[in-house]
Each structure stands twice: as C-alpha cells, then as structure tokens.
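One structure below.
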Amino acid sequence: MIAFTKNKPAPTRYNHPLPMETTLKTDQNSGVSLNRIYKTWWPLAASWFMMSLEGPLISAIIARLVNPTISLAAFGGIINPLALVIEAPVVMLLSASTVLSKDYASFTKLRKAMLIMGGSLTVLHFLVAFTPLYYFVVNNILGVPEELVAPARTGMMIMLPWTWSIGYRRFNQGVMIRFGHSDGVMQCTMVRLSTIILVLFGGYFIGTIPGIIVATIAEAAGVTFEAIFSGLRVRRIVQDDVKSVPVSDPFSWREFAAFYAPLVLTSLLQFLGNPIGSAALSRMPNAIDSLATWGVILNLVFLLRSIGMGYNEVVVALISEKGSFMNLKNFSHMLTAFLTIVVLVIFLTPISRLWFEQVTGLSGELSELARSSLVYVLAVPPLSVYQSWFQGSILYSRKTKSITESVILYLVVFVFVLIAGVIWGKATGLYVGAAAFGLANVAQTFWLFIRSRDILAQIHQRDMLKE
C-alpha cells in the first residue's frame, strides 16, 4: 500500500503560491534522485517511442501496397489531421488524470467527465465521416485534390472507435503514473503496437487490400485493444492504491473547467495545425508529393520527439516533492544534449536516405524531397524536452492558461508562414510546411520559458529553504 502525505507550501515572495499537492512519500532529505527520475521517465519515453513507431510502420506498409502516393497523401493529409482535431479535447486527460486523480472521489468524478467527452466526440466523428459534412470539410475547407476524397472517407469511417478509446486509455494511464505504475503505460502501448503490427503485416501479405484500409483498420484495432487493456490494468491500482487514500474534498466542476478548458483549447489549437498544414500544402506547388511526404516527415520528427515528450508527466509527477528541482532541471539538459546528437546524426548523414527509402519505402524522388526538408525541423526534437520541462511546471502550478497562450503563438507563427508560402506560390509546399513547423515550435518553447520562469524560481526557492 502506498502512503501519502501533505506537503506544506514553502513561504515565497511571489504573489501566487503553488498549490498544495498530495504526493507519494519519499526521503525528503535526499530529494528526487537522477536515478528515480530515470526510472520514472524511461517507461513513459518507451511508451511514447513505441507509439511513435506507428506512423513509420503504417507509411512503410502503405508505400509497398497499390497506389502508394495517393494512400500516403490521404492518410497523412486528411485522415490523420481530422482524427487528431476531433480527439483534441480528450488528449489532455493524461495530464489531468495525473494531477487530479488524487483519491477515489476525484477519480470517479474525472471518469464521468471522460465518458461524457469521449461519447460526444465519437458522435462528432460519426457526423464527419458518415454524413455530407465530410465533403464540406474536405472539399470546401481543406481543398484537397479530388483523387484523395473517396479513399480518405473510407478511412475516416473505419477510424470511428479512435476518439473514445484514446480518451479512456489516457485517463487510465494518468492514474497509473500518479500512483507509481508508469510501467503500465508502456504495457498498454505494447498491446497497441503489437495489434497494429499484426494487422499491417496481415494486410501486406494478403496484398490485395488497399493501403488506406489496412492502415486505418490497424489504427482502430490498436487503440481499441489498448483501451481494453488499460481498463483491466488499472483495476488493481484503483482497488489497492486509489481507494486507500483518505478522501479529501474532490474538485468542483467549476474548478475542473477552469483547469481543463485551457488544456482543451491548447490541444485543439495544436492539432488544428495539421489540417491547416494540409490545406496550405494543397494550394502550393507539387501538392500531392508534398502531402505524401508531409506525413512521413512528421512521423520521423514525432519518433524523435517522443523521447522528450514523455518527460512532461515525469515533471508533473515529481516536481511537487521538495529537493526535485535541480535534478529535474539537470536531467532535462542531459536529455536535450542526447537528442541533439541523435538528430544531427540522422538528419545530416546518409542514414536519412536509408530511413526514407529502405524503411519507409518512399521512391527515390519522394525521398530526396523529404531529405531536403529536414534542415527546417532540426531543432524540433531537442526542443521537446524543454517544452516538457516548462509545461510540466506550469501544469503543477495549475496556471494552464499559459500553455494555451504558447499554442496560440505556435499557431499564429505556423499559419503566418504558410499563408506567406501560399501567396508567394513559388516554393514547394513541403519546404514551406517544414519551415513553418520548425519556427512555430521555437516560438512556442520560448513562450513556455517566459511563462514558467517565476514558477520554476519559486520551486527552486522552496528547495533551497532548510527544513
């Protein structure tokens, strides 16, 4: 059984003291060691990394089936962006559950919110995929080439279970992280990835099923089985850990709205960048090739970013403990340095050609297009660590409005560069999209840095005070 204690907030010269948190008991004199940070981080990083393998695997199989360019463009340029926008409100349930599922009363209240959001968004997905609303979105808003419309709609229909499954498993995984079972997150992802691999290779060996159908069946099956497993995995944690915590006053719906609404807006704005990018690339030179490689580029960047993205929940889970500041900060520096080296080696050497042609299966022409765009996104994977460090501290303070502000800035920069590219009309769409993505991430990280400075200074001051 895991014991809990209340940490008293340290005196501070700042106007807004940090919230009182219920945290796992630790040796407060020794603080949070680098070894403990690593042990908390690596299952989450492994989970993010395995999840990020989905995109390259799907692209690799699609590229080896019939009509690969159309299927890659439909999946990466229409289905993936639309599915992500629809699921946006449930994405932050992982962070919300990590922060708020402090006892059984809070757990059940948050579960109710998850069920309402997941069900409502599934209805929205149905309307987009199965009614004429689809043609309005794809033709009038995205303006994609006509060849992509029909295959993408079939894929959207197959992806119907996507949003509810994502919301359910992210809620459960937040509980796992809060109560020290981050290995369960990795196990969930292993179930998802294994399912996707089985479906993808089954479709590959059959060889007659269109790639877009194979890909979306794999995605839908993967998240569904992962959600089922997460529900089974969290049951014992709820019985042994969540229910053993003395019930304090659960959050009110007003408090939840104040905490979660900015996070919903954040993920929605961030995911809006995907269909906006697709719409812009569709209106620039070399549209179909750009859409076909756009998803492949984002998959590679996501694969490398995944190592840093898992650090967000580590910060949220550990930063409330006295003595955590310096080692969390140092770990972020070390992780950033490691990612920088990895990115330089992959992006600027022949390894990138090997990746795009032999692993992803792009043609020589598409491979060269993809490789020549990598210079614009060099900084994105290393920046993911600092985004997690800054954002995790902001989540801990519960001043989530700052995260929304950073994403608004991201979207403004992203859209501005894309509009400039469309107006100019002479640059290949993929280059403009990659440059917009890279610059937007730099702007977002800078804003998170600005908004987290006082919070991190306060946490540092707390750790410097003697008992």
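Ordering of the structure tokens sets the chain letters (A, B, ...), residue numbers begin anew at 1 in every chain, and ligands are numbered from 1 in the order given.
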- Which residues come within 7 Å of A:Gly155, counting only C-alpha atoms, excluding same-chain residues fewer than 5 positions away, as JSON, numbers by chain? {"A": [79, 212, 213, 216]}
For the residues selected in the previous step, produce a file with C-alpha atoms as a PDB file, in the first residue's frame.
ATOM      1  CA  ILE A  79      -7.463  11.175 -42.078  1.00  0.00           C
ATOM      2  CA  ILE A 212      -5.654   3.120 -46.739  1.00  0.00           C
ATOM      3  CA  ILE A 213      -7.974   0.382 -45.444  1.00  0.00           C
ATOM      4  CA  THR A 216      -6.979   2.578 -40.656  1.00  0.00           C
TER       5      THR A 216
END
If you count only C-alpha atoms, which residues fall within 10 Å of A:Ser252, apart from same-chain ones fewer than 6 positions away, as a CSV table (one decimal) with C-alpha atoms, in the first residue's frame?
chain,number,residue,atom,x,y,z
A,106,SER,CA,-11.8,12.6,-7.6
A,109,LYS,CA,-15.7,12.4,-11.0
A,258,ALA,CA,-11.0,26.3,-15.0
- Message: With DSSP run on the backbone, what are the alpha helix (DSSP H) residues within stretch 40-78 of chain A? I'd like them as a ChimeraX atom specification.
- Response: /A:40-52,54-62,68-74
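Using only C-alpha atoms, the residues found no farther than 9 Å from A:Leu115, other than those of its own chain fewer than 4 positions away, are Leu110, Arg111, Gly119, Ser120, Trp164, Gly167 and Tyr168 of chain A.
Atom CA of A:Ile288 is positioned 23.4 Å from atom CA of A:Gln270.
Nearest-residue note for A:Ser352: choosing from A:Ile297, A:Ala379, A:Val315, A:Val32, the minimum distance belongs to A:Ile297, counting only C-alpha atoms.
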- Item | Residue nearest A:Ala73 among A:Pro151, A:Gly308, A:Pro382, A:Pro250 (counting only C-alpha atoms) | A:Pro151
- Message: Need to verify the contact set: A:Ala317, 12 Å, only C-alpha atoms, exclusion of same-chain residues closer than 2 positions in sequence. Can you return it as a PyMOL selection string?
- Response: chain A and resi 21-24+32+36-37+40-41+44+94-102+174-182+310-315+319-321+324+328+389+392-393+395-396
